[in-house]
Amino acid sequence: MLSSSNQTKKVPIDVNVLTGKEELNTSALTGESNSELVQQGNIVLSRSIDINGMMEVKVTCKYENSTVNKIL
């Protein structure tokens, strides 16, 4: 489970949101300056930054197949 606090947290690997809502900064991957609200059923890409909210997630792939590994 990932949760918000006063410190920003990076999503370490691609995940599927099982429950909850989260506001994410995806600018490192998409270049989009606006935050994105994700909720149940959404896929969250690795390297997204948690801004606000809480969500329970399920990992969708191994690191070798993750978005961040493909970019780097």
# chains A, B, ... in the order shown; residues from 1 in each chain; ligands from 1
call {"tool": "closest_atom_pairs", "arguments": {"of": "stretch 7-53 of chain A", "to": "stretch 60-66 of chain A", "cutoff": "7 Å", "atoms": "only C-alpha atoms", "output": "Markdown table"}}
result
| residue | atom | partner | partner_atom | distance |
| --- | --- | --- | --- | --- |
| A:Ile13 | CA | A:Ser66 | CA | 6.2 |
| A:Asp14 | CA | A:Thr60 | CA | 5.9 |
| A:Val15 | CA | A:Thr60 | CA | 5.1 |
| A:Asn16 | CA | A:Thr60 | CA | 6.3 |
| A:Ser46 | CA | A:Ser66 | CA | 6.9 |
call {"tool": "select_by_dssp", "arguments": {"residues": "stretch 25-63 of chain A", "states": "helix (DSSP H, G or I)", "output": "PyMOL selection string"}}
result
chain A and resi 27-30+63
call {"tool": "write_last_selection", "arguments": {"atoms": "all heavy atoms", "output": "short mmCIF file (atom, residue, chain, number, x, y, z; two decimals), in the first residue's frame"}}
result
data_model
loop_
_atom_site.label_atom_id
_atom_site.label_comp_id
_atom_site.auth_asym_id
_atom_site.auth_seq_id
_atom_site.Cartn_x
_atom_site.Cartn_y
_atom_site.Cartn_z
N SER A 27 4.70 14.46 -14.39
CA SER A 27 5.45 15.29 -15.34
C SER A 27 6.78 14.68 -15.78
O SER A 27 7.22 14.90 -16.90
CB SER A 27 5.68 16.68 -14.77
OG SER A 27 6.44 16.62 -13.59
N ALA A 28 7.42 13.89 -14.93
CA ALA A 28 8.70 13.27 -15.31
C ALA A 28 8.52 12.31 -16.49
O ALA A 28 9.44 12.15 -17.29
CB ALA A 28 9.30 12.53 -14.12
N LEU A 29 7.35 11.72 -16.60
CA LEU A 29 7.10 10.77 -17.69
C LEU A 29 6.35 11.38 -18.86
O LEU A 29 6.61 11.06 -20.01
CB LEU A 29 6.29 9.57 -17.17
CG LEU A 29 6.99 8.70 -16.15
CD1 LEU A 29 6.01 7.73 -15.52
CD2 LEU A 29 8.12 7.94 -16.81
N THR A 30 5.39 12.26 -18.55
CA THR A 30 4.49 12.76 -19.59
C THR A 30 4.79 14.19 -20.04
O THR A 30 4.34 14.59 -21.11
CB THR A 30 3.04 12.72 -19.11
OG1 THR A 30 2.90 13.64 -18.00
CG2 THR A 30 2.63 11.33 -18.67
N TYR A 63 10.30 -5.28 -12.37
CA TYR A 63 11.06 -4.06 -12.67
C TYR A 63 11.61 -4.08 -14.10
O TYR A 63 11.59 -3.07 -14.79
CB TYR A 63 12.21 -3.88 -11.68
CG TYR A 63 13.07 -2.69 -12.03
CD1 TYR A 63 12.64 -1.41 -11.72
CD2 TYR A 63 14.27 -2.84 -12.71
CE1 TYR A 63 13.39 -0.30 -12.07
CE2 TYR A 63 15.03 -1.74 -13.06
CZ TYR A 63 14.59 -0.48 -12.74
OH TYR A 63 15.33 0.61 -13.10
#
call {"tool": "closest_residue", "arguments": {"among": "A:Lys21, A:Lys58, A:Arg47, A:Lys9", "to": "A:Leu72", "atoms": "only C-alpha atoms"}}
result
A:Arg47
call {"tool": "residues_around", "arguments": {"residues": "stretch 40-42 of chain A", "least_positions_apart": "5", "cutoff": "6 Å", "atoms": "only C-alpha atoms", "output": "ChimeraX atom specification"}}
result
/A:16-19
call {"tool": "write_last_selection", "arguments": {"atoms": "C-alpha atoms", "output": "PDB file, in the first residue's frame"}}
result
ATOM      1  CA  ASN A  16      -2.904  -1.024 -10.669  1.00  0.00           C
ATOM      2  CA  VAL A  17      -5.027   0.915  -8.150  1.00  0.00           C
ATOM      3  CA  LEU A  18      -7.238  -1.467  -6.152  1.00  0.00           C
ATOM      4  CA  THR A  19      -8.843   1.048  -3.757  1.00  0.00           C
TER       5      THR A  19
END
call {"tool": "closest_residue", "arguments": {"among": "A:Glu23, A:Gly53, A:Ser48, A:Asn69", "to": "A:Glu36", "atoms": "only C-alpha atoms"}}
result
A:Glu23
call {"tool": "atom_distance", "arguments": {"atom1": "atom CA of A:Lys70", "atom2": "atom CA of A:Gly31"}}
result
16.7 Å
call {"tool": "atom_distance", "arguments": {"atom1": "atom CA of A:Thr26", "atom2": "atom CA of A:Val44"}}
result
9.1 Å
call {"tool": "closest_residue", "arguments": {"among": "A:Ile51, A:Gly20, A:Val57, A:Pro12", "to": "A:Asn34", "atoms": "only C-alpha atoms"}}
result
A:Ile51
call {"tool": "closest_residue", "arguments": {"among": "A:Ile49, A:Leu37, A:Met55, A:Val68", "to": "A:Lys10", "atoms": "only C-alpha atoms"}}
result
A:Ile49
call {"tool": "closest_residue", "arguments": {"among": "A:Met54, A:Val38, A:Val11, A:Leu24", "to": "A:Thr67", "atoms": "only C-alpha atoms"}}
result
A:Val11
call {"tool": "select_by_dssp", "arguments": {"residues": "chain A", "states": "strand (DSSP E)", "output": "count of residues only"}}
result
32
